[in-house]
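S.K.: Just passing along the structure, written as structure tokens.
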Amino acid sequence: MTTPAGSGAGFGSVSWWGLSPALDLQAESPPVDPDLQADTEHGTPQLDVLLLGSVDGRHLLRTLARAKLWSPRRFRFYVLENNMEAVARHMLIFSLALEDPEKMGLQERSEAFLEVWGNTLLRPPVAAFVRAQADRLAHLVPEPDSLAEQLPWISLGALKFRERDVLEAVFRFWAGEEKGPEAFPMSRLWDSRLRHYLGSRYDARRGVSDWDLNMKLHDRGARVIHIREFRRWRDTGVAFELRDSSAYHVPNRTLASGRLLSHCGERVAARGYWGDIATGPFVAFGIEADDENLLRTSNGQPIKTAGEITLHNVTELFRVLTAWGRPRASQGNPMEVAGEEDGTREPAPAPASFTIYFLPLHSSQTLHHKTCYKGQFQLLYVACGYLVDLRQEQLQAFTARVVELAQAAGFAPQPGARPSETFARFYKSRDSAPVCTDSVAEPGPPTPEVLVPPPGIVDLLPEVLVSPLSEDLTQPLQDRTPPPVPIQLPSESQVPFSEALAPPTGSQTSKPESD
């Protein structure tokens with residue numbers, strides 16, 4: 001049996017990497033209101049952003065790296081995911097990005113990030129780093145005071161106690177409490193997913209890869225993805241081969257998640273790989289660059305591959321992010337540095353601080369009822385992305401549906417927004433008809449509207465990952481995504497690591513239990 005084209009099955013039920021280019025959220029947010037600056041703590045304006053399904057922190061990393069281009073601002077990012085493994089990857093990624101440069105050099109950090117983020121197999125030194133960090137994080141999760149001291153940019157206070165227990169269990173699995181490759185046989189699981197996805201086309205998988213790349217990804221603007229790197233990723237799951245291929249043989253446990261399967265007539269909790277096998281992790285950092293030389297072509301062909309562009313972009317991000325990690329690890333306030341002569345404190349050029357607040361799973365349906373979030377957010381980002389195995393008419397239908405939902409929620413297309421096939425930008429004007437009490441536009445001068453999740457959009461999230469909505473002068477909304485027939489993103493069908501067992505011995509392709 002072959003998976004029908006346009007089914008969206010290649011996307012999987014768990015997202016591990018973003019399927020749209022990284023954004024600078026400050027460029028997408030409403031301008032700072034000078035009247036509010038004096039009332040803000042430390043006199044520094046604050047940007048509060050709600051991100052639903054952003055998955056890998058790419059927007060946060062880019063926003064922090066480009067903060068020096070804007071006036072100083074304090075950042076509060078509220079992140080909502082649909083599984084604790086994604087939360088754990090956020091924490092691991094940021095602990096890696098802000099690692100002390102004296103312990104881990106820039107090139108080593110950048111390469112380790114690419115492997116952990118987008119490869120199914122790791123080199124032994126990188127696997128050892130993951131185990132050490134996971135063990136550290138597993139001890140910090142149940143100790144709020146220690147967590148606040150060592151990782152002050154992370155807040156788990158909103159998570160339920162059960163969710164924190166699951167998060168700790170995820171880190172302990174990463175740390176290797178279950179020994180041996182059979183605890184997570186990544187190569188076998190990848191091949192099993194691929195066989196199930198391609199069906200009778202499996203023996204012609206090289207031709208299928210060529211077709212998907214040239215007729216879909218290249219046509220959608222991702223021409224820098226080279227055929228060799230795309231084929232390698234489709235065959236093995238290794239997207240970024242920075243060393244000899246034989247060096248990659250340790251399973252990347254951060255790509256594991258649990259799911260309920262129907263096996264021999266019974267519901268079985270299984271651990272496996274349920275992520276993307278169609279598009280790949282090349283889009284987030286690999287198809288755009290600030291340095292235009294990286295995108296040059298020769299005889300109609302790009303001179304750099306998506307992997308090379310990704311490595312360059314991530315290295316530059318980490319170079320700038322070093323300044324964010326250093327002050328907090330030592331003297332506290334990154335907005336102050338010692339004076340040259342009298343020892344007084346002077347403002348530093350870096351922005352004040354940032355904090356990532358992780359929200360409870362599946363809380364998108366209730367956030368707009370909580371008074372603590374009323375009027376809180378200047379920007380709302382809702383994720384979707386590049387899905388290779390969807391037809392053009394499905395993408396167009398999805399885009400039309402996004403616009404319809406946005407307008408029903410009181411948003412309008414952003415005037416003068418640059419054309420984009422990846423993001424749809426909306427804003428809420430003063431005279432927009434309110435859709436719910438939390439998003440009423442107050443009369444008076446044009447100020448940033450509150451961007452609370454519109455019920456119509458939020459209700460759609462488990463089925464179609466919409467992209468950014470915003471409320472004032474700018475906001476993004478990725479319009480490439482899920483099919484008219486929704487992909488079931490697991491809620492009841494996904495289980496935490498603390499309950500998951502090893503996959504059934506046959507294959508990973510057992511049919512998911514549907515309610």
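By convention here, the chains of the structure tokens are called A, B, ... in the order presented, each chain's residues are numbered starting at 1, and ligands are numbered starting at 1 in the order presented.
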Identify, with DSSP run on backbone atoms, the residues in segment 28-189 of chain A assigned to helix (DSSP H, G or I), and express the list as an MDAnalysis selection string.
M.R.: chainID A and resid 28 34:37 41:43 58:65 67:69 84:97 106:118 124:140 144:150 161:174 181:183 186:189
S.K.: Within 8 Å of segment 85-90 of chain A, which residues of segment 153-228 of chain A come that close, and what is the closest atom pair and distance in Å for each? Count only C-alpha atoms and give it as JSON lines.
M.R.:
{"residue": "A:Leu167", "atom": "CA", "partner": "A:Ala88", "partner_atom": "CA", "distance": 6.5}
{"residue": "A:Val170", "atom": "CA", "partner": "A:Glu85", "partner_atom": "CA", "distance": 6.6}
{"residue": "A:Phe171", "atom": "CA", "partner": "A:Ala88", "partner_atom": "CA", "distance": 7.2}
S.K.: Rounded to one decimal in Å, what is the spacing between atom CA of Ser257 of chain A and atom CA of Asp244 of chain A?
M.R.: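 Between atom CA of Ser257 of chain A and atom CA of Asp244 of chain A the gap is 28.2 Å.
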S.K.: Which residue gives the smallest distance to Arg231 of chain A among A:Lys103, A:Arg66, A:Arg205, A:Arg243, with only C-alpha atoms counted?
M.R.: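 Closest residue, counting only C-alpha atoms: A:Arg205.
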S.K.: Between atom CA of Phe113 of chain A and atom CA of Ile277 of chain A, measure the distance and give it in Å to one decimal.
M.R.: 19.6 Å
S.K.: Report as a tab-separated table: every residue of segment 209-319 of chain A with an atom at most 10 Å from segment 367-387 of chain A, its closest pair of atoms, and their distance in Å to one decimal, counting only C-alpha atoms, with rows sorted by chain and ascending residue number.
M.R.:
residue	atom	partner	partner_atom	distance
A:Lys216	CA	A:Leu387	CA	9.0
A:Leu217	CA	A:Tyr386	CA	8.1
A:Arg220	CA	A:Tyr386	CA	8.4
A:Ala222	CA	A:Tyr386	CA	9.8
A:Asp276	CA	A:Leu387	CA	9.3
A:Ala278	CA	A:Leu387	CA	7.5
A:Thr279	CA	A:Leu387	CA	6.4
A:Gly280	CA	A:Tyr386	CA	9.6
A:Val283	CA	A:Tyr386	CA	8.0
A:Ala284	CA	A:Gly385	CA	9.7
S.K.: Would you mind listing what lies within 9 Å of Arg172 of chain A as a ChimeraX atom specification, with only C-alpha atoms counted and same-chain residues fewer than 6 positions away left out?
M.R.: /A:131,134-135,137-138,178
S.K.: For Trp16 of chain A, which residue among A:Thr254, A:Gln107, A:Ser187, A:Ser246 is the nearest when counting only C-alpha atoms?
M.R.: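 Closest to Trp16 of chain A, using only C-alpha atoms: A:Thr254.
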S.K.: Excluding same-chain residues fewer than 4 positions from Asp165 of chain A, what lies within 12 Å of it counting only C-alpha atoms, as a ChimeraX atom specification?
M.R.: /A:84,88,138-143,156,159-161,169-172,496-499
S.K.: For the atom pair atom CA of Val79 of chain A and atom CA of Trp117 of chain A, what is the interatomic distance in Å to one decimal place?
M.R.: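 Result for atom CA of Val79 of chain A versus atom CA of Trp117 of chain A: 18.0 Å, one decimal.
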